[in-house]
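K.L.:
Attaching a single structure in structure tokens format; questions to follow.
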Amino acid sequence: MSSETQAFVREIPSKSEQFSDWYTAVVLKAELADYSPVRGCMVIRPYGYALWEGIQRWLDERFKATGHVTAYFPLFVPESLLKKEAEHVEGFAPQVAWVTHGGAEALAERLAVRPTSEAIIMPMYARWIQSYRDLPILLLQWNNVVRWEKATRLFLRTAEFLWHEGHTAHATLEEADRECRLILEIYRELLEEVLAIPVLVGRKPPSEKFAGADWTYTLEALMPDRQAIQAGTSHFLGQNFARAFGVKFLDRDNTEKYVWTTSWAVTTRLIGSLVMAHGDDRGLSLPPRIAPIQVVIVPILGKDTERVLAAARDLAGRLKSVARVRLDDRDEYTPGWKFNDWEMRGVPLRLEVGPRDVAAGQVVLVRRPDGRKETVAADGIERAVAAALDDVQRTYFARARAFLDAHIVAAETLDQIEDAIRDRRGFIRTGWCGAQACEDAVRDRTGASPRVIPLDDVPVGSCPACGQAATATVYYARAY
RNA sequence: CGGGGCGUAGCGCAGCCUGGUAGCGCGUCUGGUUUGGGACCAGAAGGUCGGCGGUUCAAAUCCGCCCGCCCCGACCA
């Protein structure tokens, strides 16, 4: 390669040296998203949207299998409704976009563009729920929400984003909490087994819970820059919204009770996490289970073009049953160009088929994570590809798991926490007495926030701020 | 929101300091030769220099205001 060619190839900054620039370049060059004429709002391009569709398909199947149904509620929330739950409105007020006019006429009541939909869904639940026989309600919607963010980054924080929001209503506290945990487990499976991103699973401390919730469950992942990212949340809303919106039912014991509600979500931010978690200096790297294209076939044309193309088409046809496959038979690019292009787009496997291969009845199989090449027989390619896809999926998860494990460190004193955060060690595990003042002491000293208290926590040691016995284990980190 | 940087052809950039007919590489188009890690030759097209205003005979260039994006930090379910 000439130095000029290398300069041309080096359009993606170094992931280890310029992480933020690298991230932006990969999102743009892989054509996942683009900037839009609207400040703070992004365009999700087809390849990026295909990732979202993959997440949607997988989750939709799980949600349906667990008895959930999909609906749709309005984009707008009348101001009076948004204000009904005091803590809720206080939490979202700074980020709400308001509609004040319809055409030229001022509206009698302002309309919030939903930052989340509890306030427009609860009045409907009040209408629909009369009896314990009407429960549970297990609804979700796939939609967009708007939060007027001051600083934005592609996928990670935008003024408008896509998500699903689940909203369930139950007769008992226990059932509602079980729902929260069921969803949490579905999210964990999505993150770890589909996206190959290992997570810490647990509860948020009170300071970090959803505005209006009694408690919030969360999944926290660690990105390569050692910053934590919230990958999904499941909120136990108690009876807060039921009381605010008068959602009551007549129970078996013939007394009127408020319902217990939950809400939960994952967003298109997951796509940003996916990019950061697995990408490298060649660009995007996608785990096979989420990759829109799992196998790309690159025929080496020039000699025996017809025979090579026929062999490539035959391969593509046979692989359709085991993988999402793309035959790149474009004549205008050389094989080398295509190799780089598909690597930049993160396709997990590449099959090269040239005249030599056709003559020998073989193909060259190349893995994206490490560039490893092997020659495999064209007969039985289905099995080889299926096995390689599984292998690549496991490789990505094992790598990410090792990274997470290597970046969880224990600390017992404020000094240790401060040092560990400053050195970007990742998640800092420490004790906590439960006092807000002690949490604030850690925040003020380190700039980190408490991300998660593990499920089934067995607290050990003492609170680094006050020295009293710990009542919880907390993982601190800097966060997105 | 604070600090720093950037905005010139589809993309990446030079030109600005020191005002005087807007350039380079890649890409695109046409024709030909090529094709196992970003091919080559020849020809061609492509620009409100982010926007508005000011200074000047003359502004991409100097001055003011605004908009957008990036990086660092703060803030933030």
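Order determines the names: the first chain of the structure tokens is A, the second B, and so forth; residues in each chain are numbered 1 upward, and ligands are numbered 1 upward as they are shown.
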Among the residues of range 110-257 of chain A, find those DSSP assigns to strand (DSSP E) from the backbone and print them as number ranges by chain.
P.N.:
A: 110-113, 137-146, 160-170, 200-203, 215-222, 228-238, 248-250, 256-257
K.L.:
May I have a table of the residues of chain B lying at most 10 Å from chain A, giving each one's closest pair of atoms and their distance in Å to one decimal, counting only C-alpha atoms (C1' of nucleotides), ordered by chain and ascending residue number, as CSV?
P.N.:
```
residue,atom,partner,partner_atom,distance
B:C1,C1',A:Lys150,CA,8.4
B:G12,C1',A:Glu11,CA,8.6
B:G25,C1',A:Phe8,CA,9.5
B:C26,C1',A:Phe8,CA,7.9
B:U34,C1',A:Gly302,CA,7.9
B:U35,C1',A:Thr334,CA,5.3
B:G36,C1',A:Ile300,CA,6.6
B:G37,C1',A:Gly336,CA,4.3
B:G38,C1',A:Trp337,CA,4.2
B:A39,C1',A:Thr334,CA,7.4
B:C67,C1',A:Arg39,CA,9.7
B:G68,C1',A:Arg39,CA,7.4
B:C69,C1',A:Tyr35,CA,8.7
B:C70,C1',A:Asp21,CA,7.9
B:C71,C1',A:Ser20,CA,7.8
B:C75,C1',A:Lys150,CA,8.8
B:C76,C1',A:Glu149,CA,8.1
B:A77,C1',A:Phe210,CA,4.9
```
K.L.:
What residues in range 255-288 of chain A get the DSSP label helix (DSSP H, G or I)? Please answer as a count of residues only.
P.N.:
10
K.L.:
Between A:Ala213, A:Val247, A:Ala231, A:Leu182, which has the minimum distance to Ile121 in chain A (counting only C-alpha atoms)?
P.N.:
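Closest to Ile121 in chain A of all the choices is A:Val247.
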K.L.:
Compile the contact shell of C16 in chain B as a list in words: residues with an atom at most 10 Å away, counting only C-alpha atoms (C1' of nucleotides), same-chain residues fewer than 6 positions apart removed.
P.N.:
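Contacts, with the query itself left out: A60, U61 and C62 of chain B.
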K.L.:
Rounded to one decimal in Å, what is the spacing between CA of Gln393 in chain A and CA of Leu51 in chain A?
P.N.:
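It comes out at 15.6 Å.
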K.L.:
Which one of A:Asp405, A:Glu175, A:Glu87, A:Glu256 sits closest to Val199 in chain A if you count only C-alpha atoms?
P.N.:
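Looking at the shortest contact to Val199 in chain A, the residue is A:Asp405.
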K.L.:
For Asp457 in chain A, which residue among A:Val201, A:Leu219, A:Leu274, A:Arg345 is the nearest when counting only C-alpha atoms?
P.N.:
A:Val201
K.L.:
Quick one: residues within 12 Å of G43 in chain B, only C-alpha atoms (C1' of nucleotides), excluding same-chain residues fewer than 2 positions away - as an MDAnalysis selection string?
P.N.:
chainID B and resid 29:32 41 45
